[in-house]
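**Student:** One structure follows; several queries about it will come next.
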Amino acid sequence: MRLGIILACLCLVRLPAADLVIYGATPAGVAAAVAAAREGLTVEIVEPTPWIGGMVAGGLSRTDVGRADAVGGFAREFFARAAAIRPGAQMWYAEPSANMQAFRAFLTEAKAELRVDRRVVSVRRDGRRILSFTDSAGEEHRGVFFVDASYEGDLMAMAGVTHVTGREGRAEFDEPLAGYHPMPVRPRSVETMSSECPSLGGKGPSYVHGTPAAISGLDARGEAIAGVLRDPGLKPGDPDDATQSYNYRIVVTRAADRVPFPRPEDYDPARYELLLRLIGAFPEIPFGRLFHLGEIAGGKYDLNAQGLFSTDLPGASFAYPAGSHEVRERIRRDHRSFAQGLLWFLSHDERVPARLRQQTAAWGLCRDEFVDNGHWPYALYVREGRRMRGAYVLRQADLQNDVLKPDGVGMGSFVIDCHIVRRILAPDGTVRDEGSFQDAPVVPYQIPYRCIVPRREECPNLLVPVCLSGTHIAVCSLRMEPVYMAMGQASGIAAALARRAGCQVQEVDVDELRRRLRSAGAVLELAGVGTWTRSSSLPGVVQDDTAAEKSGHWTSTAYGNPVDGTSIHDGASDKGALSVTFTLKAATSGPHRIRLAYVPAPNRSPSAPVRVVGPGLDLTRRVDQRKAPADGFLDLKTAELRAGDVVKVTVSNTGTTGFVGADAAQLLPKTP
C-alpha cells in the first residue's frame, strides 16, 4: 500500500504555476492564449488530441462567418494571416495546413507552453477555486486562472460547474424552436434536386435541407432501415437528451494526385439503404447535391453535409458530450467509418447510377493535407457539447429581439441552424427528419460577458468560451468558430484584468474589458443594430415572419429595412412548393385593415399571390413586390371583425417569377 502511494507520487509531475492555464488548443484556446500573453501573462495550453487548431485546422475550412462586419479582433487577424500564407487564398477560406501553420505561429509568438495528447483526468480545488488539474500523462498543471476552451467542457465539468447536455423544452426559456421538433416533408422539385452545388457552377440553392420527398423507411419485414429510428414518443417542444448530428468536414479535390477515397475495414453497404432510396426518388441527383462543396484555396473543397442523407450521422452523437474517453473514441471511429463507407458506396456500388459513381470517383482526398492521419481530417465536428449554466443563459429571444447587452464582449450573426437530430418513422412508414427546423434568422446580437463565466458561487477563476452559457437553440447560432475566437480573446483579456486586480473573474471591470477589446480590434456593436422596426412596437396585432407557419424552405435576409431585422424569400426556386401563413387574432371588435409587409426589390415577383381567409373572407390578391408599400405595409382588405376572430394571410410562390418575399402581417383597427 505504502509503495503504491510512493510510486503514484513519483508519477505525478508538478509543473510551475502559470498565470493562465488553458485546456483545449482550439481556435478559442489559441485566441485566449494570444490575448493573455499580449497582456503580459504566462500561458500554458493543454490539448486533449494530438493536434492543435480544433475544427479550423482539422477540416472545417469554409468558415461560416455570418456577417463579416461583426467579426474583428483576433479572429480577423488570424484569418487574414492564414489566407496570406498561400497565394490566391480568400479571407476565411484558407487550406487546413495553412490554418495550422498560422496557429503554430501565433502560439510561438505568445511563448505559450504547449502539451498535446493530454486529457484532463482530475481537478484539485481549494474550496470553489481551481488549483490545478492532472492530465492523462501524469502532469499536474497549476495556474492562477483557467480557461476551458475544449469542445466538450471536461475541465468545467470536473470543476463542479453546473452544466447541461441535450435539448431544453420549449417552456423552460420560452423558445418556440426548442425541444423535440419533428418536421414534415419539405418537397423539393426534380429540377432542384438535380442541380449542382453553386460552387460547382450549378444554379440551384446552396443548401437543401430536410426530407425532400416521401420515402419509405421500412424494410421487407416492416422494421426500420439503417439510420432511421422509431418515433421516441415525445410531444413537440419536449426536452430530451439528444444533440444535433456531428460529421467530419472532409477536404476533397479533383487534382490528378488526389488520394482515392478509402474503403473502411468494417464497410457495410446496408448502412446506405436510405441513401439508395433517396437516389431512387431523384435519379439525376448529382454528387454536388448530396454534399455541400465549398471552394477553398488550392483547388480544394470543404465537403459538408446537406439534406436528408449526407456525411452527418443523426442519432449517433447523443452519448458524446458527457461520454468517457472510450465512448467518444468509439463514436469518432463510427463517424469516420460511416463517412468513408458513404463515399466508397457512391463510387463503387453498382446500384448507384453510373453517372453518380463517375462523379464521385472524380474526387478524392488531398495528398498534402492531414499527411500524418491518412489524409483524413483530424477533428470530428462536435457541433454541440456540454453547455454551462453560467451567470446568464443566452436564449432564442437574445438572438432575435433582445440583442443589445451592456456587457457584450463579442457578436454573433449566423442563422439559428440545427442539423438533423434523428431520422424517425412517420405513422405511414415514411421517413421524417427531426430537430432540423428551418433555419431561423437572427439580428446581429451581443454576447454578454456573463455567458463565459460560471455563477459567482461556483468557481471564481474559470472562463468558458466554447461550452458557454446558452440554450441548445442559442448554440445553434453561437457555434461558429469566429464567435468562439471572440469569446476566447475576451477570456484571455479578462483573465489578465482579474490577475492584476486580484479579483474573481465575476468581478472583472467589464467596462475596462470592453475598452481593451475595442483597442484590440474586436467588434462589440454594429451601427443600426437595435434600431429596426419592432413588431412589438407597432399598433394593432402584428406577426413577424419568424413566428409564421412555413412550408418549404425559405431563406432569411436582412436586406432592406424589414420588421424585427429580417425577412424571408423563396430564392426564386421550388415554385409552387412554398408558402408562409400569418395568423392574426383580433383583439377588439370593429373594422380592421388587413395588411402585409414585404421588402421590395427589382428582382421581386410582379404578381405574388396573397390569400386572406377569415370570417366571411376568402380572397386572393396578386401583389407586385417590386413596388414599396407607402408606409411599409400594404392594405389587402378592410373587414368587420369581432374580438377573437382569426384571420390568416398566406403568401405563396405558385405561378410566380422572380423572388417572392414576406416580412410581417398586421390587423390594424380602423379609426373613424
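Note on naming: chains are A, B, ... as they come in the C-alpha cells, residues start from 1 per chain, ligands start from 1 in the order shown.
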If we count only C-alpha atoms and set the cut-off at 6 Å, which residues sit around Ile250 in chain A, ignoring sequence neighbours fewer than 5 positions away in its own chain? Please answer as a list in words.
**Tutor:**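 Listing them by chain and then by number gives Gly59, Asp302 and Leu303 of chain A.
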**Student:** Using DSSP assignments from the backbone, pull out every residue in range 67-287 of chain A that falls under strand (DSSP E) and give it to me as JSON, numbers by chain.
**Tutor:** {"A": [113, 114, 115, 120, 121, 122, 123, 124, 125, 126, 129, 130, 131, 132, 133, 134, 135, 139, 140, 141, 142, 143, 144, 145, 146, 147, 148, 163, 164, 247, 248, 250, 251, 252, 253]}
**Student:** So, with only C-alpha atoms as the atoms that count, which of A:Ala362, A:Gly160, A:Val21, A:Gly217 lies closest to Gly127 in chain A?
**Tutor:** A:Gly160
**Student:** Please build the interface table for range 451-564 of chain A against range 585-588 of chain A with a cut-off of 12 Å, listing for each qualifying residue the nearest atom pair and the distance in Å to one decimal; count only C-alpha atoms, order rows by chain and increasing number, and write it as JSON lines.
**Tutor:**
{"residue": "A:Pro539", "atom": "CA", "partner": "A:Ala587", "partner_atom": "CA", "distance": 11.3}
{"residue": "A:Gly540", "atom": "CA", "partner": "A:Ala587", "partner_atom": "CA", "distance": 7.9}
{"residue": "A:Val541", "atom": "CA", "partner": "A:Ala586", "partner_atom": "CA", "distance": 7.0}
{"residue": "A:Val542", "atom": "CA", "partner": "A:Lys585", "partner_atom": "CA", "distance": 9.3}
{"residue": "A:Gln543", "atom": "CA", "partner": "A:Lys585", "partner_atom": "CA", "distance": 9.9}
**Student:** Could you write out the selected residues, including N, CA, C and O atoms, as a short mmCIF file (atom, residue, chain, number, x, y, z; two decimals), in the first residue's frame?
**Tutor:**
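Below you can see selection_23.cif, which holds the result:
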data_model
loop_
_atom_site.label_atom_id
_atom_site.label_comp_id
_atom_site.auth_asym_id
_atom_site.auth_seq_id
_atom_site.Cartn_x
_atom_site.Cartn_y
_atom_site.Cartn_z
N PRO A 539 -48.71 49.28 -33.90
CA PRO A 539 -50.09 49.22 -33.41
C PRO A 539 -50.83 48.01 -33.93
O PRO A 539 -50.43 47.38 -34.92
N GLY A 540 -51.92 47.67 -33.27
CA GLY A 540 -52.72 46.53 -33.69
C GLY A 540 -52.07 45.20 -33.34
O GLY A 540 -51.26 45.09 -32.42
N VAL A 541 -52.43 44.21 -34.11
CA VAL A 541 -51.89 42.86 -33.93
C VAL A 541 -50.93 42.58 -35.08
O VAL A 541 -51.31 42.67 -36.25
N VAL A 542 -49.66 42.25 -34.75
CA VAL A 542 -48.63 42.03 -35.77
C VAL A 542 -47.96 40.69 -35.54
O VAL A 542 -47.65 40.33 -34.40
N GLN A 543 -47.76 39.94 -36.61
CA GLN A 543 -46.97 38.71 -36.54
C GLN A 543 -45.81 38.82 -37.52
O GLN A 543 -46.02 39.08 -38.71
#
**Student:** Have a look at A:Glu326, A:Ala281, A:Leu619, A:Arg595 and name the one nearest to Asp631 in chain A; count only C-alpha atoms.
**Tutor:**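 With only C-alpha atoms as the atom set, the closest residue is A:Arg595.
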**Student:** Would you mind listing what lies within 8 Å of range 179-192 of chain A as a PyMOL selection string, with only C-alpha atoms counted and same-chain residues fewer than 4 positions away left out?
**Tutor:** chain A and resi 167-170+204-205+210-214+234-240+282+432-437+551-553+573-574+577
**Student:** Could you save the residues just selected, with N, CA, C and O atoms, as a compact mmCIF listing (two decimals), in the first residue's frame?
**Tutor:**
# COMPACT_ATOMS: atom_id res chain seq x y z
N ARG A 167 -31.36 18.84 -25.09
CA ARG A 167 -32.16 19.99 -25.50
C ARG A 167 -33.14 20.41 -24.41
O ARG A 167 -33.81 19.56 -23.81
N GLU A 168 -33.23 21.71 -24.17
CA GLU A 168 -34.24 22.22 -23.25
C GLU A 168 -35.62 22.06 -23.87
O GLU A 168 -35.78 21.97 -25.09
N GLY A 169 -36.64 22.06 -23.02
CA GLY A 169 -38.01 22.08 -23.51
C GLY A 169 -38.40 23.49 -23.94
O GLY A 169 -37.78 24.48 -23.55
N ARG A 170 -39.45 23.56 -24.71
CA ARG A 170 -39.91 24.84 -25.24
C ARG A 170 -40.27 25.81 -24.13
O ARG A 170 -40.05 27.02 -24.23
N GLY A 204 -28.79 25.85 -58.72
CA GLY A 204 -29.72 25.55 -57.65
C GLY A 204 -29.32 26.22 -56.35
O GLY A 204 -28.34 26.96 -56.29
N PRO A 205 -30.08 25.97 -55.29
CA PRO A 205 -29.77 26.58 -54.00
C PRO A 205 -28.45 26.08 -53.44
O PRO A 205 -27.98 24.99 -53.79
N GLY A 210 -33.67 19.13 -45.02
CA GLY A 210 -34.86 18.35 -44.72
C GLY A 210 -35.12 17.18 -45.64
O GLY A 210 -34.28 16.77 -46.44
N THR A 211 -36.33 16.64 -45.52
CA THR A 211 -36.76 15.47 -46.28
C THR A 211 -37.46 15.96 -47.55
O THR A 211 -38.54 16.54 -47.47
N PRO A 212 -36.87 15.71 -48.74
CA PRO A 212 -37.40 16.34 -49.96
C PRO A 212 -38.57 15.61 -50.61
O PRO A 212 -39.19 16.13 -51.53
N ALA A 213 -38.86 14.39 -50.15
CA ALA A 213 -39.95 13.60 -50.74
C ALA A 213 -40.34 12.52 -49.74
O ALA A 213 -39.60 12.21 -48.80
N ALA A 214 -41.52 11.94 -49.94
CA ALA A 214 -41.95 10.83 -49.09
C ALA A 214 -41.18 9.58 -49.49
O ALA A 214 -41.30 9.09 -50.61
N LEU A 234 -42.25 11.48 -27.97
CA LEU A 234 -42.25 12.80 -27.34
C LEU A 234 -43.25 13.71 -28.04
O LEU A 234 -43.64 13.48 -29.18
N LYS A 235 -43.67 14.74 -27.33
CA LYS A 235 -44.52 15.77 -27.92
C LYS A 235 -43.64 16.91 -28.43
O LYS A 235 -42.57 17.18 -27.85
N PRO A 236 -44.05 17.59 -29.50
CA PRO A 236 -43.26 18.73 -29.96
C PRO A 236 -43.00 19.72 -28.82
O PRO A 236 -43.91 20.09 -28.09
N GLY A 237 -41.72 20.11 -28.69
CA GLY A 237 -41.34 21.03 -27.63
C GLY A 237 -40.86 20.37 -26.36
O GLY A 237 -40.36 21.05 -25.45
N ASP A 238 -40.97 19.03 -26.26
CA ASP A 238 -40.49 18.34 -25.06
C ASP A 238 -38.96 18.37 -24.99
O ASP A 238 -38.28 18.31 -26.02
N PRO A 239 -38.39 18.41 -23.77
CA PRO A 239 -36.93 18.29 -23.64
C PRO A 239 -36.49 16.85 -23.85
O PRO A 239 -37.28 15.91 -23.72
N ASP A 240 -35.22 16.67 -24.17
CA ASP A 240 -34.66 15.32 -24.27
C ASP A 240 -33.14 15.40 -24.12
O ASP A 240 -32.59 16.46 -23.87
N PHE A 282 -34.85 10.58 -56.80
CA PHE A 282 -34.29 11.64 -57.66
C PHE A 282 -33.11 11.05 -58.43
O PHE A 282 -31.95 11.27 -58.07
N ARG A 432 -39.01 10.95 -41.72
CA ARG A 432 -39.05 12.37 -41.42
C ARG A 432 -37.75 12.76 -40.71
O ARG A 432 -37.19 11.97 -39.93
N ASP A 433 -37.29 13.97 -40.97
CA ASP A 433 -36.17 14.48 -40.19
C ASP A 433 -36.71 15.16 -38.93
O ASP A 433 -37.77 15.77 -38.95
N GLU A 434 -35.96 15.04 -37.85
CA GLU A 434 -36.38 15.62 -36.57
C GLU A 434 -35.27 16.51 -36.05
O GLU A 434 -34.10 16.15 -36.09
N GLY A 435 -35.64 17.69 -35.57
CA GLY A 435 -34.67 18.62 -34.99
C GLY A 435 -34.11 19.61 -35.98
O GLY A 435 -33.62 20.66 -35.59
N SER A 436 -34.16 19.29 -37.26
CA SER A 436 -33.60 20.16 -38.29
C SER A 436 -34.68 21.13 -38.77
O SER A 436 -35.15 21.07 -39.90
N PHE A 437 -35.07 22.03 -37.87
CA PHE A 437 -36.07 23.02 -38.24
C PHE A 437 -35.51 23.96 -39.29
O PHE A 437 -34.29 24.04 -39.51
N SER A 551 -44.15 26.44 -45.11
CA SER A 551 -43.96 25.16 -45.79
C SER A 551 -42.90 25.37 -46.87
O SER A 551 -42.83 26.42 -47.49
N GLY A 552 -42.07 24.35 -47.06
CA GLY A 552 -40.94 24.51 -47.97
C GLY A 552 -39.82 25.28 -47.30
O GLY A 552 -39.92 25.69 -46.14
N HIS A 553 -38.75 25.47 -48.04
CA HIS A 553 -37.57 26.11 -47.45
C HIS A 553 -37.48 27.57 -47.89
O HIS A 553 -37.26 27.87 -49.06
N SER A 573 -36.89 29.80 -56.34
CA SER A 573 -36.80 28.38 -56.69
C SER A 573 -37.96 27.62 -56.07
O SER A 573 -38.73 28.16 -55.27
N ASP A 574 -38.09 26.35 -56.45
CA ASP A 574 -39.16 25.47 -55.96
C ASP A 574 -40.52 26.14 -56.08
O ASP A 574 -41.32 26.17 -55.14
N ALA A 577 -44.17 25.26 -54.39
CA ALA A 577 -43.98 24.40 -53.22
C ALA A 577 -43.87 25.17 -51.91
O ALA A 577 -43.86 24.56 -50.84
**Student:** How far is it from CA of Thr650 in chain A to CA of Arg611 in chain A, in Å with one decimal?
**Tutor:** 5.1 Å
**Student:** Excluding Arg357 in chain A and its own-chain neighbours fewer than 6 positions away, which residues fall within 10 Å of it when counting only C-alpha atoms? Please give them as a PyMOL selection string.
**Tutor:** chain A and resi 286-287+343-351
